[in-house]
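Report on the structure given below.
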Amino acid sequence: MEKMPYQPELERAATMAVPASTTPRPVSGDACSGQATATTTDWRSGLPVLGAAAISLRELRREDAPSLHAMLTTEEVARFISPPPTTVAGFEQFIAWTHRERLSGNYICFGIVPAGMTVAVGIFQLRSIEPGFGSAEWGFALGSPFWGTGLFAEGARLVLNFAVDVAGIARLEARAAVANGRGNGALRKIGAVQEGVLRRSFLRNGQYHDQVLWSILAEDWRLQRIGQEPTVVH
């Protein structure tokens with residue numbers, strides 16, 4: 001999801017305070033093993049914490065704003081996504097927006113927290129593209145110090161398990177600029193299927209870029225994950 005759905009210009013008039021923290025809601029069943037269903041948790045009221053050996057995914061908190069600003073505004077990270085907020089205050093507004101959009105049932109955003117850390121260094125996003133979240137576009141952004149560490153692959157599995165088993169999403173789409181070799185390689189590695197190339201579909205810095213369209217279907221993911229280690233859901 002290189003085109004971020006967040007529109008900072010609309011947030012200037014927002015007056016809602018950003019919660020300092022969000023209490024995670026438990027999920028009944030195991031969101032990785034396939035035992036959980038879309039009815040096991042009301043994720044609109046608050047996201048659960050998803051955990052694995054080297055990573056946890058949780059709702060964004062206001063205290064994540066400085067680390068997200070530091071990690072996601074570098075040129076090497078930002079060059080293949082629509083412009084992120086330019087200030088810490090802008091990221092605080094973004095975090096407040098993610099909570100409101102989650103509550104409305106349109107959007108899910110998990111912060112990526114490496115083991116041993118307390119703040120997020122990146123995000124995974126799910127955006128509904130049809131009523132009821134049957135289909136969704138998903139994407140990610142991760143600070144470059146954590147590239148090549150396996151965090152993306154581990155986090156992607158957690159997000160896909162949640163999307164299929166808890167949110168009940170049947171089809172996930174992802175877009176990556178043709179020139180974004182790392183992003184396309186990561187999507188291919190987790191089993192996404194390339195469906196085509198969207199010509200001149202992404203505008204960045206006044207220049208249009210071609211994008212690769214990837215998809216993962218719920219039934220394909222369930223087959224692929226057989227034998228994976230179970231997710232720890234707190």
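Scheme for the structure tokens: letters A, B, ... for chains in order shown; per-chain residue numbers from 1; ligand numbers from 1 in order shown.
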### Message
Excluding Arg222 in chain A and its own-chain neighbours fewer than 3 positions away, which residues fall within 9 Å of it when counting only C-alpha atoms? Please give them as a list in words.
### Response
Gly34, Asn161, Val164, Leu217, Ala218, Glu219, Arg225 and Ile226 of chain A
### Expected answer as a ChimeraX atom specification: alpha helix (DSSP H) residues in range 4-211 of chain A
/A:65-72,75-78,88-103,151-165,181-189
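Residues with any atom within 12 Å of Thr87 in chain A, counting only C-alpha atoms and excluding same-chain neighbours fewer than 2 positions away, are Pro8, Ala65, Pro66, Ser67, Leu68, His69, Ala70, Met71, Leu72, Thr73, Pro83, Pro84, Pro85, Ala89, Gly90, Phe91, Glu92, Gln93 and Phe94 of chain A.
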### Task
Using only C-alpha atoms, determine which residues lie at most 7 Å from Ser135 in chain A, disregarding the query and same-chain residues fewer than 3 positions distant; provide the list as a list in words.
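Counting only C-alpha atoms, the residues come to Ser128, Ile129, Glu130, Ile169, Ala170, Arg171 and Leu172 of chain A.
Atom pair CA of Trp147 in chain A / CA of Pro114 in chain A has a distance of 12.0 Å (rounded to one decimal).
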### Query
Can you list, as a PyMOL selection string, every protein, DNA or RNA residue that comes within 10 Å of range 179-188 of chain A when you count only C-alpha atoms, leaving out same-chain residues fewer than 5 positions away?
chain A and resi 79-80+139-141+147-148+152-153+156+174+193-194+209-216
Could you save those same residues with N, CA and C atoms as a CSV table (one decimal), in the first residue's frame?
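The resulting file, part_14.csv, is reproduced below:
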```csv
chain,number,residue,atom,x,y,z
A,79,ARG,N,10.8,6.9,-0.1
A,79,ARG,CA,10.8,7.2,-1.6
A,79,ARG,C,9.8,6.3,-2.3
A,80,PHE,N,9.3,5.2,-1.7
A,80,PHE,CA,8.3,4.4,-2.4
A,80,PHE,C,6.9,4.4,-1.7
A,139,GLY,N,-0.4,-3.1,3.3
A,139,GLY,CA,0.9,-2.6,3.0
A,139,GLY,C,1.7,-2.4,4.3
A,140,PHE,N,3.0,-2.0,4.1
A,140,PHE,CA,3.9,-2.0,5.3
A,140,PHE,C,4.9,-0.9,5.1
A,141,ALA,N,5.5,-0.4,6.1
A,141,ALA,CA,6.7,0.5,6.1
A,141,ALA,C,7.5,0.1,7.3
A,147,TRP,N,15.7,-3.6,8.1
A,147,TRP,CA,15.6,-4.4,6.9
A,147,TRP,C,16.6,-5.6,6.9
A,148,GLY,N,16.1,-6.7,6.3
A,148,GLY,CA,17.0,-7.8,6.3
A,148,GLY,C,17.1,-8.6,7.6
A,152,PHE,N,10.1,-8.3,8.8
A,152,PHE,CA,8.9,-8.2,7.9
A,152,PHE,C,8.2,-9.6,7.7
A,153,ALA,N,9.0,-10.6,7.4
A,153,ALA,CA,8.4,-11.9,7.2
A,153,ALA,C,7.6,-12.4,8.4
A,156,ALA,N,4.5,-10.1,8.8
A,156,ALA,CA,3.6,-10.3,7.7
A,156,ALA,C,2.7,-11.6,8.0
A,174,ALA,N,-1.9,-6.0,-2.6
A,174,ALA,CA,-0.8,-5.2,-2.3
A,174,ALA,C,-0.2,-4.6,-3.6
A,193,VAL,N,0.9,-13.6,-5.0
A,193,VAL,CA,0.8,-13.9,-6.4
A,193,VAL,C,0.8,-12.6,-7.2
A,194,GLN,N,1.7,-12.5,-8.2
A,194,GLN,CA,1.7,-11.3,-9.0
A,194,GLN,C,0.6,-11.4,-10.1
A,209,HIS,N,4.7,6.3,-11.4
A,209,HIS,CA,5.4,5.1,-11.4
A,209,HIS,C,4.5,3.9,-11.7
A,210,ASP,N,5.0,2.9,-12.4
A,210,ASP,CA,4.3,1.7,-12.6
A,210,ASP,C,4.3,0.9,-11.3
A,211,GLN,N,3.2,0.1,-11.0
A,211,GLN,CA,3.2,-0.7,-9.8
A,211,GLN,C,2.8,-2.1,-10.1
A,212,VAL,N,3.4,-3.0,-9.4
A,212,VAL,CA,3.0,-4.4,-9.5
A,212,VAL,C,1.9,-4.7,-8.5
A,213,LEU,N,0.8,-5.4,-9.0
A,213,LEU,CA,-0.3,-5.7,-8.2
A,213,LEU,C,-0.1,-7.2,-7.7
A,214,TRP,N,-0.2,-7.4,-6.4
A,214,TRP,CA,0.0,-8.7,-5.8
A,214,TRP,C,-1.3,-9.0,-5.1
A,215,SER,N,-1.6,-10.3,-4.9
A,215,SER,CA,-2.7,-10.8,-4.1
A,215,SER,C,-2.4,-12.0,-3.3
A,216,ILE,N,-3.2,-12.1,-2.2
A,216,ILE,CA,-3.2,-13.4,-1.4
A,216,ILE,C,-4.6,-13.7,-1.1
```
### Query
How far is it from CA of Ser56 in chain A to CA of Leu103 in chain A, in Å with one decimal?
21.4 Å
### Query
Could you pull the residues within 6 Å of Ala120 in chain A, counting only C-alpha atoms, minus those fewer than 6 positions along the same chain, as a list in words?
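Selected residues are Asp64, Gly111, Ile112 and Val113 of chain A.
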Please, could you write that set of residues out with C-alpha atoms as a short mmCIF file (atom, residue, chain, number, x, y, z; two decimals), in the first residue's frame?
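Heads up, here's the output in part.cif:
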```cif
data_model
loop_
_atom_site.label_atom_id
_atom_site.label_comp_id
_atom_site.auth_asym_id
_atom_site.auth_seq_id
_atom_site.Cartn_x
_atom_site.Cartn_y
_atom_site.Cartn_z
CA ASP A 64 5.27 5.83 19.08
CA GLY A 111 2.71 -0.94 15.03
CA ILE A 112 5.81 -3.13 14.60
CA VAL A 113 7.68 -3.49 17.91
#
```
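Take CA of Ala136 in chain A and CA of Ala52 in chain A: the distance between them is 23.6 Å.
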### Task
Using only C-alpha atoms, find the one residue out of A:Ala96, A:Ala115, A:Val178, A:Leu223 that sits nearest to Leu151 in chain A.
A:Ala115
